[in-house]
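Report on one structure; see the data block that follows.
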Amino acid sequence: MSGSEPSTLKLPPARALRAFRPGQVGDDTVATYLGKGWSLAICCKACERLVEWTPPELAHRFGDRTTLRIGALVERLACSGEAGCGGREIAVFPHLYDGVWP
Ligand SMILES: [Zn+2]
């Protein structure tokens, strides 16, 4: 993530976060997000850490694999990295990217 643009992304309400199920993502794919100019907001249900994968980040991470379904992706995500709690229950939701895309 470049981190150069300010983002208006906010944590979802706690109720919505707790109620999230991977099935509610539907058939959206990485290409859907890129096409609509959405960031993928990734939020840990345990510690509420919030990460934004912007369209440039998604394009960089997934390259040619843009047919990957977000619903399949979310099942593989975990709250990892230095600041992560290791939780495996992750909620994702679209956020209209604040930067310029494409
Ligand atoms: Zn966490």
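Residues in the structure tokens are numbered from 1 in each chain, the chains being A, B, ... in the order shown, and ligands are numbered from 1 in the order shown.
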
Q | All strand (DSSP E or B) residues (DSSP, backbone) inside segment 19-71 of chain A, as a PyMOL selection string | A | chain A and resi 29+38-44+50-53+69

Write the residues of the selection above to a file with C-alpha atoms, as a short mmCIF file (atom, residue, chain, number, x, y, z; two decimals), in the first residue's frame.
```cif
data_model
loop_
_atom_site.label_atom_id
_atom_site.label_comp_id
_atom_site.auth_asym_id
_atom_site.auth_seq_id
_atom_site.Cartn_x
_atom_site.Cartn_y
_atom_site.Cartn_z
CA THR A 29 -14.39 -10.93 -8.03
CA TRP A 38 -13.45 -0.10 -5.10
CA SER A 39 -10.94 -0.78 -2.40
CA LEU A 40 -11.26 -4.03 -0.51
CA ALA A 41 -11.61 -3.21 3.17
CA ILE A 42 -10.43 -6.08 5.35
CA CYS A 43 -11.39 -6.08 9.01
CA CYS A 44 -10.53 -8.58 11.73
CA LEU A 50 -8.74 -2.53 9.49
CA VAL A 51 -6.67 -2.78 6.34
CA GLU A 52 -7.46 -1.27 2.95
CA TRP A 53 -6.36 -2.92 -0.27
CA ARG A 69 -13.90 -14.45 -6.10
#
```

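For ligand 1, the neighbouring polymer residues at 9 Å or closer are Cys43, Cys44, Lys45, Ala46, Cys47, Glu48, Arg49, Leu50, Ala78, Cys79, Ser80, Ala83, Gly84, Cys85, Gly86, Gly87, Arg88, Glu89 and Ile90 of chain A, only C-alpha atoms and all ligand atoms being used.
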
Q. If you measure from atom CA of Gly26 of chain A to atom CA of Leu58 of chain A, what distance in Å do you get, rounded to one decimal?
A.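 Separation of atom CA of Gly26 of chain A and atom CA of Leu58 of chain A: 18.3 Å.
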
(Q) What's the separation between atom CA of Ile70 of chain A and atom CA of Ala16 of chain A, in Å to one decimal place? (A) 17.9 Å

Q: Run DSSP on the backbone of this structure and report the residues of segment 45-102 of chain A it assigns to alpha helix (DSSP H), as a ChimeraX atom specification.
A: /A:55-62,70-74

**Q.** Nearest candidate to Gly99 of chain A (options A:Arg15, A:Thr54, A:Gly81, A:Phe20; using only C-alpha atoms)
**A.** A:Thr54

Q | Among the residues A:Ala91, A:Tyr97, A:Ala59, A:Pro102, the one that comes closest to Leu11 of chain A [using only C-alpha atoms] | A |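 Of A:Ala91, A:Tyr97, A:Ala59, A:Pro102, the one nearest Leu11 of chain A is A:Ala91, counting only C-alpha atoms.
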